[in-house]
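Peer 1: Below is the file query-v6.txt, which contains compact mmCIF, C-alpha atoms.
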# COMPACT_ATOMS: atom_id res chain seq x y z
CA MET A 1 -76.08 64.92 -131.63
CA ASN A 2 -73.53 62.86 -129.69
CA CYS A 3 -70.10 63.97 -128.45
CA LYS A 4 -68.20 62.64 -131.48
CA GLU A 5 -70.53 64.37 -133.95
CA ARG A 6 -70.41 67.62 -131.98
CA TYR A 7 -66.68 67.79 -131.17
CA GLY A 8 -64.91 65.57 -133.73
CA VAL A 9 -63.98 62.98 -131.09
CA ASP A 10 -66.00 61.52 -128.26
CA ILE A 11 -64.59 63.77 -125.53
CA LYS A 12 -66.20 61.92 -122.63
CA ALA A 13 -65.01 58.53 -123.90
CA PHE A 14 -61.52 60.03 -124.35
CA TRP A 15 -61.53 61.18 -120.72
CA ARG A 16 -62.78 57.77 -119.54
CA ALA A 17 -59.78 56.19 -121.31
CA VAL A 18 -57.34 58.75 -119.86
CA LEU A 19 -58.67 58.30 -116.31
CA ALA A 20 -58.57 54.50 -116.67
CA GLN A 21 -54.98 54.80 -117.99
CA ASP A 22 -56.03 52.60 -120.93
CA GLU A 23 -53.05 52.90 -123.30
CA PRO A 24 -54.53 51.13 -126.35
CA GLU A 25 -57.78 53.11 -126.10
CA ILE A 26 -56.04 56.47 -125.55
CA ARG A 27 -53.91 55.90 -128.65
CA THR A 28 -57.04 55.57 -130.86
CA TYR A 29 -57.98 59.21 -130.20
CA PHE A 30 -54.73 60.73 -131.53
CA ALA A 31 -53.39 61.38 -135.00
CA PRO A 32 -49.92 59.77 -135.40
CA ASP A 33 -48.07 63.11 -135.39
CA ALA A 34 -50.17 64.74 -132.65
CA TYR A 35 -48.58 66.48 -129.69
CA VAL A 36 -49.52 67.36 -126.12
CA ASN A 37 -48.34 70.42 -124.21
CA TRP A 38 -48.57 70.69 -120.42
CA HIS A 39 -48.01 74.41 -120.03
CA CYS A 40 -47.86 74.57 -116.21
CA THR A 41 -44.77 72.33 -116.20
CA ASN A 42 -43.36 73.46 -119.57
CA GLU A 43 -43.51 69.96 -121.11
CA HIS A 44 -44.06 68.98 -124.76
CA PHE A 45 -44.95 65.34 -125.50
CA THR A 46 -45.33 63.14 -128.53
CA VAL A 47 -48.33 60.79 -128.33
CA ASP A 48 -46.07 57.97 -127.12
CA GLU A 49 -44.56 60.18 -124.42
CA PHE A 50 -48.00 61.43 -123.31
CA ILE A 51 -49.22 57.86 -122.98
CA ILE A 52 -46.19 56.97 -120.83
CA ALA A 53 -46.70 60.07 -118.65
CA ASN A 54 -50.40 59.31 -118.24
CA CYS A 55 -50.43 55.51 -117.98
CA GLU A 56 -47.39 55.16 -115.74
CA TYR A 57 -48.53 57.88 -113.34
CA PRO A 58 -48.99 56.15 -109.97
CA GLY A 59 -52.41 55.43 -108.52
CA GLU A 60 -55.92 54.79 -109.73
CA TRP A 61 -57.80 57.82 -111.01
CA ASP A 62 -61.32 59.04 -111.54
CA GLY A 63 -62.91 62.29 -112.54
CA VAL A 64 -65.78 64.27 -113.97
CA VAL A 65 -65.92 66.30 -117.17
CA GLU A 66 -67.53 69.47 -115.86
CA ARG A 67 -67.69 71.52 -119.03
CA ILE A 68 -67.23 71.19 -122.80
CA ASP A 69 -67.25 74.19 -125.15
CA THR A 70 -66.08 74.95 -128.65
CA LEU A 71 -64.21 78.07 -129.68
CA ASP A 72 -62.83 78.79 -133.16
CA GLY A 73 -62.30 75.13 -134.07
CA LEU A 74 -61.04 74.18 -130.62
CA THR A 75 -62.83 71.96 -128.14
CA VAL A 76 -62.28 73.20 -124.59
CA THR A 77 -62.90 70.94 -121.61
CA VAL A 78 -62.73 71.47 -117.87
CA THR A 79 -62.28 68.21 -115.99
CA ARG A 80 -61.97 67.51 -112.29
CA VAL A 81 -59.48 64.68 -111.70
CA TYR A 82 -58.93 62.89 -108.40
CA PRO A 83 -57.48 59.62 -107.10
CA LYS A 84 -60.08 56.98 -106.30
CA ASP A 85 -59.34 57.46 -102.59
CA ARG A 86 -60.22 61.17 -103.08
CA SER A 87 -57.21 62.28 -101.08
CA CYS A 88 -56.79 65.31 -103.34
CA SER A 89 -58.17 66.77 -106.55
CA PHE A 90 -57.12 68.77 -109.57
CA HIS A 91 -58.78 70.68 -112.36
CA VAL A 92 -57.44 70.50 -115.89
CA THR A 93 -58.44 72.84 -118.68
CA SER A 94 -57.80 71.21 -122.04
CA PHE A 95 -57.77 72.71 -125.53
CA LEU A 96 -58.15 70.01 -128.21
CA ARG A 97 -57.75 70.57 -131.93
CA THR A 98 -59.03 67.73 -134.13
CA GLU A 99 -58.71 66.78 -137.79
CA ASN A 100 -60.32 63.75 -139.43
CA ASP A 101 -61.84 62.64 -136.10
CA ARG A 102 -58.46 62.51 -134.32
CA ILE A 103 -56.76 64.83 -131.84
CA VAL A 104 -53.86 66.65 -133.53
CA SER A 105 -52.97 68.89 -130.59
CA LEU A 106 -53.84 68.97 -126.92
CA ASP A 107 -52.81 71.88 -124.69
CA GLU A 108 -53.49 71.40 -120.99
CA TYR A 109 -53.31 73.53 -117.86
CA TRP A 110 -53.37 71.56 -114.58
CA ALA A 111 -54.08 73.10 -111.17
CA ASP A 112 -54.29 71.71 -107.65
CA ASP A 113 -57.65 72.25 -105.97
CA GLY A 114 -57.31 73.86 -102.57
CA SER A 115 -58.21 76.69 -100.27
CA ALA A 116 -57.75 80.36 -100.97
CA PRO A 117 -54.46 81.81 -99.71
CA GLN A 118 -54.55 83.12 -96.15
CA TRP A 119 -54.15 86.78 -97.17
CA ARG A 120 -57.47 86.66 -99.06
CA ILE A 121 -59.18 84.77 -96.24
CA ASP A 122 -57.93 87.47 -93.83
CA LYS A 123 -59.46 90.18 -96.06
CA HIS A 124 -62.85 88.37 -96.01
CA ILE A 125 -63.17 88.62 -99.78
CA GLY A 126 -64.77 86.01 -102.01
CA THR A 127 -67.03 83.12 -101.12
CA PRO A 128 -66.70 79.41 -101.88
CA ILE A 129 -67.94 78.21 -105.25
CA VAL A 130 -68.73 74.84 -103.64
CA ILE A 131 -69.65 74.72 -99.96
CA ASP A 132 -67.09 72.07 -99.00
CA SER A 133 -65.17 69.13 -100.38
CA ILE A 134 -67.67 66.60 -98.99
CA GLU A 135 -70.44 68.25 -100.98
CA ALA A 136 -68.21 68.44 -104.06
CA HIS A 137 -67.32 64.75 -103.81
CA LYS A 138 -70.98 63.84 -103.35
CA PHE A 139 -71.92 65.88 -106.43
CA ALA A 140 -69.17 64.21 -108.47
CA SER A 141 -70.21 60.74 -107.29
CA ASP A 142 -73.90 61.36 -107.87
CA HIS A 143 -73.40 62.79 -111.34
CA ARG A 144 -70.31 60.91 -112.61
CA ASP A 145 -72.11 58.48 -114.89
CA LYS A 146 -74.34 61.17 -116.37
CA LEU A 147 -71.46 63.58 -116.90
CA LEU A 148 -69.24 60.96 -118.56
CA LYS A 149 -71.95 59.66 -120.93
CA ASP A 150 -72.88 61.20 -124.27
Just give me the structure of the file as structure tokens.

Peer 2:
Amino acid sequence: MNCKERYGVDIKAFWRAVLAQDEPEIRTYFAPDAYVNWHCTNEHFTVDEFIIANCEYPGEWDGVVERIDTLDGLTVTVTRVYPKDRSCSFHVTSFLRTENDRIVSLDEYWADDGSAPQWRIDKHIGTPIVIDSIEAHKFASDHRDKLLKD
């Protein structure tokens, strides 16, 4: 079963279009009256506004879909997004609701990737999930094509 059959839309192809800032392709994934909410910045977008926010965002972007799950009719994705120069990175958790093979709502939570705050480092609690950013970037590079394909 491919991504479209499993999730209602081809999630990995959708993310490829978003990361490439491909306005015509992004538009094909949304129902005309769909909406997008970016909760961390308290923003609600129409499809047209979302496309402007995404496609006019400066820079060239890349990323890796790290996880896709379904929950009560929602498709949930976790995607690592970074500029092609890899100067920083973000994780976005997305909740997509689809009808008739189109996204009708998309709720996203964006976070900057970074180090633990100093107070937790000082307490010597927790350990890194990934050893270091070089290893994380190598993993993303080595697995990008596989992770973005069906």

Peer 1: Measuring between only C-alpha atoms, which one of A:Thr77, A:Thr41, A:Thr98, A:Asn54 shows the shortest distance to Glu23 in chain A?

Peer 2: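 Closest residue, counting only C-alpha atoms: A:Asn54.
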
Peer 1: With all atoms listed in the file as the basis for distance, which of A:Ser89, A:Thr75, A:Phe50, A:Gly59 is at the shortest distance from Asn37 in chain A?

Peer 2: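 For Asn37 in chain A, the nearest of the candidates is A:Phe50.
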
Peer 1: Need to verify the contact set: Phe45 in chain A, 6 Å, all atoms listed in the file, exclusion of same-chain residues closer than 3 positions in sequence. Can you return it as a PyMOL selection string?

Peer 2: chain A and resi 35-36+49-50

Peer 1: Nearest to Ser87 in chain A among A:Asp101, A:Glu66, A:Asp113, A:Glu108, with distances taken over all atoms listed in the file: which residue is it?

Peer 2: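 Going through A:Asp101, A:Glu66, A:Asp113, A:Glu108 one by one, the smallest distance to Ser87 in chain A is for A:Asp113.
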
Peer 1: Which residue is closest to Val65 in chain A? Choose from A:Val18, A:Arg97, A:Ala116, A:Ala53 and count only C-alpha atoms.

Peer 2: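 Checking each candidate against Val65 in chain A, we get A:Val18 as the closest.
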